[in-house]
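Here is the structure we will look at, set down as structure tokens.
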Protein chains: 2
Amino acid sequence: MPDKNKNNDSSLSVNEGVEQNNAINTKGLERFKNSRSSLSLDEYVEGIKSGDRTILSRAITLIESTKTEHRETAQDIIEACLPETGDSIRIGITGVPGVGKSTFIESLGNYIIDQGSKLAVLAIDPSSTRTKGSILGDKTRMETLANSNQAFIRPSPTGGSLGGVARKTRETIYLCEAAGYDTIFIETVGVGQSETAVHSMVDFFLLLMLAGAGDELQGIKRGIMEMADAIAINKVDEATEKAVSQAVREYKNALHLYPETKSGWSPKVTTCSALTEKGIPDIWEMIQKYMQLTKKNGYFQDNRNRQAKHWMYDTISNRLTEHFYNNPAVKKEQQEIEQEVLNGKMSSFKAAQQLLDLYFESL
Amino acid sequence: MPDKNKNNDSSLSVNEGVEQNNAINTKGLERFKNSRSSLSLDEYVEGIKSGDRTILSRAITLIESTKTEHRETAQDIIEACLPETGDSIRIGITGVPGVGKSTFIESLGNYIIDQGSKLAVLAIDPSSTRTKGSILGDKTRMETLANSNQAFIRPSPTGGSLGGVARKTRETIYLCEAAGYDTIFIETVGVGQSETAVHSMVDFFLLLMLAGAGDELQGIKRGIMEMADAIAINKVDEATEKAVSQAVREYKNALHLYPETKSGWSPKVTTCSALTEKGIPDIWEMIQKYMQLTKKNGYFQDNRNRQAKHWMYDTISNRLTEHFYNNPAVKKEQQEIEQEVLNGKMSSFKAAQQLLDLYFESL
């Protein structure tokens, strides 16, 4: 066991004894366990910048914490890391459950790691809870990536509103970039509102679909298709050639109907089999072409600036709302007042006003 | 000129000398001009309930006011009117500019007035300003309706965020219902986000489209089509029979691709010419059928309850945000901090936090 004094040793280097891989050695682990609340801001920042995965993970845990002091530390870490961020490709990946997202991410992820990339895989799933075995929560779903020291996998933040979950993921992107991950995948389930949030934090938005008989477009909301920079028809090994070419045709028609994109890029339809890796290199090449085009015509940076502004205002709304609903006076009355509204005994507006009055009086 | 004392005469009946129609007589007008700020809550409420259009208009002006005391009065009026509200049909009508919304509303409006309805026509257009001659702002666009004393037309509230504009319109619905209008049309321009807001305050959502060569679905966002309970292809008198039947087929196919609606209603595609009134009675019959179905299966009330709850929470967010951005300390720094974010000198989150700190410190 390490000397207890060591935890308070100001000369402690956070990297000392900690390997870059997930498998940190016993001595390092013990020291971290004991020094859990004693890392300084500098230690966090230096640890992240040097690519220390354990410290990166701990900093993300601060982002996800509900405690104000943790969040404040997290903000300071993000701010200090800011100069090292931004130099990455951020890719959103979505599709309905069953479309093969995990296998796809593993396949594309391993391919780009072989090309020399460092990959972080994050997720947004507001419905997830860590215990329920959520999206990305089960690391065995991406076994080879999880064991690669060029990949960093982090499940969706749990609990709270979509806004809160999305904000945490976006903050995590910054830390991953500062830790040297040059490619960020953000996975989402293609069934709800999270796609809009993901779209507003990525450079490229990829929609996975399946070729199948019948209603090709079912199950995915139109708004999601409209955001896609590309549709990849996955699992083509499991479909007939005819079904695949029909799906390609239908998706091309569907994309053709949308207004022109501001990026100057025409959304593409492509095919792949994540399992056999067929088509995976082409998808990466397509993404590279997109990056070249949009960096050259200025859209890439314009879009990131717009996103940053959007997130500033989104964060404000989000924090205002959190502050409101965490207010004890509001918490106490909310259910009863909501019930009055549902029963038609009070207007929505009066109900809102009553809660707002309680809130502002208590500040 | 009336005696100045009369303004403070507590026996003044607000209805006295004021006709139900827009054309109030000179004596009444003078008295109203002079008593502008002296109507009591009871006078407002009784005036509205008795169907007095002038008082209804003045109450709506209170809803639209930026002054806190006006809004508070407006809330009290709405609350007092609440028992008289809800017994109406609320219909959202949208479509791109040029699709013939005004003529359609006039045509359908006159038809249902002939059937004995009292109709209020409201609008949501966050881009409108009263001076610019906005949606519904130019009453000559709906001349016969504007001159009917069974119809009440009110342009879109001006200024402010979509959230604010939408809230005001929704509050206005209540007052119109209390004033005896049994059918409410809410017009919106089918190009942006307002449709979602309108959809969340109506029972039936009607999308107007045109038959035309080429890409039938262009110009209207997919998300809007997805919300439609019916698509009416307007101006069929100006299109060939072939173009019309092709448009019908394409829209039917498009609607068929969407997931089943919770209402138990299959969205319909219908045709009309607002100009020749062809198809207009059928559209009204269709809306009646929808109401019968959804009132019978419970969806109508469930949906209204859900909407009321949604609006309660929406109003809270909206008011919190308004309060924040109207804060002098926030106003002073906002532009500069936003610029730092746009230049990549400050993270979105730190920027948000700085403004939030300024706000909460100043409360």
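Within each chain, counting starts at residue 1; across the structure tokens, chains are named A, B, ... in the order shown, with ligands numbered 1 upward in that order.
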Based on only C-alpha atoms, which of the residues in chain B come within 9 Å of chain A? I want them as a ChimeraX atom specification. /B:75-76,78-79,82-83,167,171,215-223,226,257-259,304-306,308-317,319-321,324,338-339,341-353,355-356,360,363
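The shell of residues at most 7 Å from stretch 200-205 of chain A, with only C-alpha atoms counted and near chain neighbours (fewer than 5 positions) removed, consists of Ile89, Arg90, Ile91, Gly92, Ile93, Arg170, Met227, Ala228, Asp229, Ala230 and Gln307 of chain A.
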Please save N, CA, C and O atoms of the selected residues as a tab-separated table (two decimals), in the first residue's frame.
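Everything below was put into selection.tsv:
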```tsv
chain	number	residue	atom	x	y	z
A	89	ILE	N	-11.95	15.62	-36.52
A	89	ILE	CA	-13.14	15.43	-37.35
A	89	ILE	C	-14.21	14.84	-36.44
A	89	ILE	O	-13.97	13.84	-35.76
A	90	ARG	N	-15.36	15.49	-36.41
A	90	ARG	CA	-16.45	15.03	-35.55
A	90	ARG	C	-17.54	14.44	-36.43
A	90	ARG	O	-18.08	15.12	-37.29
A	91	ILE	N	-17.85	13.18	-36.19
A	91	ILE	CA	-18.79	12.47	-37.07
A	91	ILE	C	-19.95	11.92	-36.25
A	91	ILE	O	-19.74	11.18	-35.28
A	92	GLY	N	-21.15	12.28	-36.62
A	92	GLY	CA	-22.34	11.74	-35.99
A	92	GLY	C	-22.79	10.49	-36.72
A	92	GLY	O	-22.81	10.47	-37.95
A	93	ILE	N	-23.13	9.45	-36.00
A	93	ILE	CA	-23.56	8.19	-36.62
A	93	ILE	C	-24.88	7.78	-36.00
A	93	ILE	O	-24.99	7.62	-34.78
A	170	ARG	N	-21.02	17.19	-25.49
A	170	ARG	CA	-20.27	18.20	-26.23
A	170	ARG	C	-19.03	18.65	-25.45
A	170	ARG	O	-17.96	18.83	-26.01
A	227	MET	N	-31.04	15.73	-42.41
A	227	MET	CA	-29.78	16.20	-41.84
A	227	MET	C	-28.58	15.42	-42.36
A	227	MET	O	-27.44	15.83	-42.16
A	228	ALA	N	-28.83	14.27	-43.00
A	228	ALA	CA	-27.73	13.36	-43.33
A	228	ALA	C	-26.84	13.90	-44.44
A	228	ALA	O	-27.32	14.37	-45.47
A	229	ASP	N	-25.52	13.83	-44.22
A	229	ASP	CA	-24.56	14.11	-45.29
A	229	ASP	C	-24.35	12.86	-46.14
A	229	ASP	O	-23.90	12.96	-47.28
A	230	ALA	N	-24.65	11.71	-45.56
A	230	ALA	CA	-24.60	10.48	-46.33
A	230	ALA	C	-25.50	9.43	-45.67
A	230	ALA	O	-25.68	9.43	-44.45
A	307	GLN	N	-22.17	26.51	-34.65
A	307	GLN	CA	-22.44	25.51	-33.61
A	307	GLN	C	-22.04	26.02	-32.23
A	307	GLN	O	-22.77	25.84	-31.26
```
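Counting only C-alpha atoms and comparing B:Leu293, B:Ile124, B:Glu250, B:Pro281, the residue that lies closest to B:Ser263 is B:Leu293.
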Quick one: residues within 12 Å of A:Pro126, only C-alpha atoms counted, chain neighbours fewer than 6 positions away excluded, as a ChimeraX atom specification? /A:134-135,155-169,188-189,191-195,197-198
Keeping only N, CA, C and O atoms, write those residues as an mmCIF file, in the first residue's frame.
```cif
data_model
loop_
_atom_site.group_PDB
_atom_site.id
_atom_site.type_symbol
_atom_site.label_atom_id
_atom_site.label_comp_id
_atom_site.auth_asym_id
_atom_site.auth_seq_id
_atom_site.Cartn_x
_atom_site.Cartn_y
_atom_site.Cartn_z
ATOM 1 N N SER A 134 -26.927 0.323 -21.485
ATOM 2 C CA SER A 134 -27.423 1.186 -22.556
ATOM 3 C C SER A 134 -26.506 1.161 -23.755
ATOM 4 O O SER A 134 -25.528 0.429 -23.807
ATOM 5 N N ILE A 135 -26.849 2.029 -24.689
ATOM 6 C CA ILE A 135 -26.052 2.277 -25.867
ATOM 7 C C ILE A 135 -24.588 2.477 -25.464
ATOM 8 O O ILE A 135 -24.279 3.283 -24.597
ATOM 9 N N PRO A 155 -19.560 5.673 -22.657
ATOM 10 C CA PRO A 155 -21.008 5.542 -22.844
ATOM 11 C C PRO A 155 -21.703 6.894 -22.721
ATOM 12 O O PRO A 155 -21.096 7.878 -22.285
ATOM 13 N N SER A 156 -22.963 6.933 -23.064
ATOM 14 C CA SER A 156 -23.770 8.149 -22.942
ATOM 15 C C SER A 156 -23.850 8.581 -21.490
ATOM 16 O O SER A 156 -23.988 7.751 -20.596
ATOM 17 N N PRO A 157 -23.763 9.892 -21.241
ATOM 18 C CA PRO A 157 -24.046 10.373 -19.883
ATOM 19 C C PRO A 157 -25.461 9.947 -19.512
ATOM 20 O O PRO A 157 -26.325 9.873 -20.380
ATOM 21 N N THR A 158 -25.691 9.676 -18.250
ATOM 22 C CA THR A 158 -27.007 9.177 -17.863
ATOM 23 C C THR A 158 -27.803 10.234 -17.131
ATOM 24 O O THR A 158 -27.248 11.153 -16.539
ATOM 25 N N GLY A 159 -29.100 10.070 -17.188
ATOM 26 C CA GLY A 159 -29.993 10.901 -16.395
ATOM 27 C C GLY A 159 -30.120 12.302 -16.950
ATOM 28 O O GLY A 159 -29.315 12.759 -17.754
ATOM 29 N N GLY A 160 -31.163 12.970 -16.537
ATOM 30 C CA GLY A 160 -31.356 14.353 -16.931
ATOM 31 C C GLY A 160 -32.005 14.493 -18.291
ATOM 32 O O GLY A 160 -32.293 13.506 -18.968
ATOM 33 N N SER A 161 -32.207 15.719 -18.679
ATOM 34 C CA SER A 161 -32.877 16.029 -19.934
ATOM 35 C C SER A 161 -31.942 15.775 -21.106
ATOM 36 O O SER A 161 -30.736 15.645 -20.934
ATOM 37 N N LEU A 162 -32.516 15.726 -22.293
ATOM 38 C CA LEU A 162 -31.712 15.629 -23.502
ATOM 39 C C LEU A 162 -30.708 16.771 -23.546
ATOM 40 O O LEU A 162 -29.534 16.579 -23.853
ATOM 41 N N GLY A 163 -31.166 17.976 -23.201
ATOM 42 C CA GLY A 163 -30.286 19.139 -23.222
ATOM 43 C C GLY A 163 -29.062 18.929 -22.347
ATOM 44 O O GLY A 163 -27.934 19.221 -22.747
ATOM 45 N N GLY A 164 -29.297 18.407 -21.155
ATOM 46 C CA GLY A 164 -28.194 18.172 -20.230
ATOM 47 C C GLY A 164 -27.247 17.103 -20.746
ATOM 48 O O GLY A 164 -26.027 17.262 -20.715
ATOM 49 N N VAL A 165 -27.813 16.013 -21.229
ATOM 50 C CA VAL A 165 -27.017 14.906 -21.758
ATOM 51 C C VAL A 165 -26.179 15.385 -22.938
ATOM 52 O O VAL A 165 -24.979 15.088 -23.046
ATOM 53 N N ALA A 166 -26.794 16.164 -23.815
ATOM 54 C CA ALA A 166 -26.095 16.645 -25.005
ATOM 55 C C ALA A 166 -24.958 17.593 -24.621
ATOM 56 O O ALA A 166 -23.862 17.515 -25.169
ATOM 57 N N ARG A 167 -25.236 18.476 -23.668
ATOM 58 C CA ARG A 167 -24.202 19.409 -23.235
ATOM 59 C C ARG A 167 -22.983 18.661 -22.698
ATOM 60 O O ARG A 167 -21.840 18.966 -23.016
ATOM 61 N N LYS A 168 -23.249 17.646 -21.885
ATOM 62 C CA LYS A 168 -22.141 16.872 -21.318
ATOM 63 C C LYS A 168 -21.322 16.197 -22.421
ATOM 64 O O LYS A 168 -20.097 16.154 -22.358
ATOM 65 N N THR A 169 -22.016 15.662 -23.421
ATOM 66 C CA THR A 169 -21.292 15.007 -24.512
ATOM 67 C C THR A 169 -20.450 16.024 -25.277
ATOM 68 O O THR A 169 -19.302 15.763 -25.630
ATOM 69 N N THR A 188 -25.800 7.785 -31.845
ATOM 70 C CA THR A 188 -27.116 8.078 -31.292
ATOM 71 C C THR A 188 -28.115 7.092 -31.859
ATOM 72 O O THR A 188 -27.875 6.490 -32.899
ATOM 73 N N VAL A 189 -29.218 6.921 -31.167
ATOM 74 C CA VAL A 189 -30.253 6.018 -31.646
ATOM 75 C C VAL A 189 -31.209 6.803 -32.531
ATOM 76 O O VAL A 189 -31.724 7.831 -32.118
ATOM 77 N N VAL A 191 -34.144 7.329 -33.331
ATOM 78 C CA VAL A 191 -35.584 7.240 -33.130
ATOM 79 C C VAL A 191 -36.195 8.508 -32.550
ATOM 80 O O VAL A 191 -37.398 8.627 -32.481
ATOM 81 N N GLY A 192 -35.363 9.459 -32.136
ATOM 82 C CA GLY A 192 -35.982 10.578 -31.449
ATOM 83 C C GLY A 192 -35.362 11.920 -31.718
ATOM 84 O O GLY A 192 -35.015 12.229 -32.846
ATOM 85 N N GLN A 193 -35.236 12.671 -30.663
ATOM 86 C CA GLN A 193 -34.781 14.045 -30.780
ATOM 87 C C GLN A 193 -33.267 14.181 -30.685
ATOM 88 O O GLN A 193 -32.713 15.208 -31.059
ATOM 89 N N SER A 194 -32.579 13.160 -30.193
ATOM 90 C CA SER A 194 -31.139 13.303 -29.944
ATOM 91 C C SER A 194 -30.376 13.619 -31.216
ATOM 92 O O SER A 194 -29.311 14.219 -31.171
ATOM 93 N N GLU A 195 -30.925 13.208 -32.365
ATOM 94 C CA GLU A 195 -30.220 13.409 -33.624
ATOM 95 C C GLU A 195 -29.981 14.878 -33.905
ATOM 96 O O GLU A 195 -28.935 15.264 -34.417
ATOM 97 N N ALA A 197 -29.592 17.201 -31.707
ATOM 98 C CA ALA A 197 -28.512 17.625 -30.820
ATOM 99 C C ALA A 197 -27.163 17.170 -31.365
ATOM 100 O O ALA A 197 -26.193 17.934 -31.390
ATOM 101 N N VAL A 198 -27.095 15.938 -31.826
ATOM 102 C CA VAL A 198 -25.836 15.429 -32.362
ATOM 103 C C VAL A 198 -25.449 16.194 -33.627
ATOM 104 O O VAL A 198 -24.303 16.599 -33.810
#
```
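All residues of protein, DNA or RNA that reach within 6 Å of B:Ala211, judged by only C-alpha atoms and not counting those fewer than 3 positions away in the chain, are Ala243, Val244 and Ala247 of chain B.
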Identify all residues of stretch 143-295 of chain B in strand (DSSP E or B) (DSSP on the backbone) and supply them as number ranges by chain. B: 151-153, 183-188, 204-210, 230-234, 268-271, 273, 278
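Taking atom CA of A:Asn327 as the reference point, atom CA of A:Ile77 is found at 27.3 Å.
A straight line drawn from atom CA of A:Ile280 to atom CA of A:Leu145 is 15.6 Å long.
Note that the spacing between atom CA of A:Val96 and atom CA of A:Asp237 amounts to 18.4 Å.
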Show me, as a VMD selection string, the residues that have an atom within 9 Å of B:Glu84 when counting only C-alpha atoms, minus same-chain residues fewer than 5 positions from it. chain B and resid 49 174 to 175 177 to 180
Please produce an output containing N, CA, C and O atoms for each residue in the selection, written as a CSV table (one decimal), in the first residue's frame.
```
chain,number,residue,atom,x,y,z
B,49,LYS,N,-67.0,37.9,-22.6
B,49,LYS,CA,-68.0,36.8,-22.6
B,49,LYS,C,-69.3,37.2,-23.4
B,49,LYS,O,-70.0,36.4,-23.9
B,174,TYR,N,-57.8,31.3,-26.2
B,174,TYR,CA,-58.7,31.2,-25.0
B,174,TYR,C,-59.7,32.3,-25.0
B,174,TYR,O,-60.9,32.1,-24.8
B,175,LEU,N,-59.2,33.6,-25.2
B,175,LEU,CA,-60.1,34.7,-25.2
B,175,LEU,C,-61.1,34.6,-26.3
B,175,LEU,O,-62.3,35.0,-26.1
B,177,GLU,N,-62.3,32.0,-27.7
B,177,GLU,CA,-63.3,30.9,-27.3
B,177,GLU,C,-64.3,31.5,-26.3
B,177,GLU,O,-65.5,31.3,-26.4
B,178,ALA,N,-63.8,32.2,-25.3
B,178,ALA,CA,-64.6,32.8,-24.3
B,178,ALA,C,-65.6,33.8,-24.9
B,178,ALA,O,-66.7,34.0,-24.5
B,179,ALA,N,-65.2,34.4,-26.0
B,179,ALA,CA,-66.0,35.4,-26.7
B,179,ALA,C,-67.0,34.7,-27.7
B,179,ALA,O,-67.7,35.4,-28.4
B,180,GLY,N,-67.0,33.4,-27.7
B,180,GLY,CA,-68.1,32.7,-28.4
B,180,GLY,C,-67.6,32.2,-29.8
B,180,GLY,O,-68.5,31.7,-30.5
```
Using the chain letters and numbers from this document, which residues of stretch 113-300 of chain A does DSSP assign to helix (DSSP H, G or I), as an MDAnalysis selection string? chainID A and resid 113:114 130:132 139:146 162:178 194:199 222:227 236:238 241:256 280:296 299:300
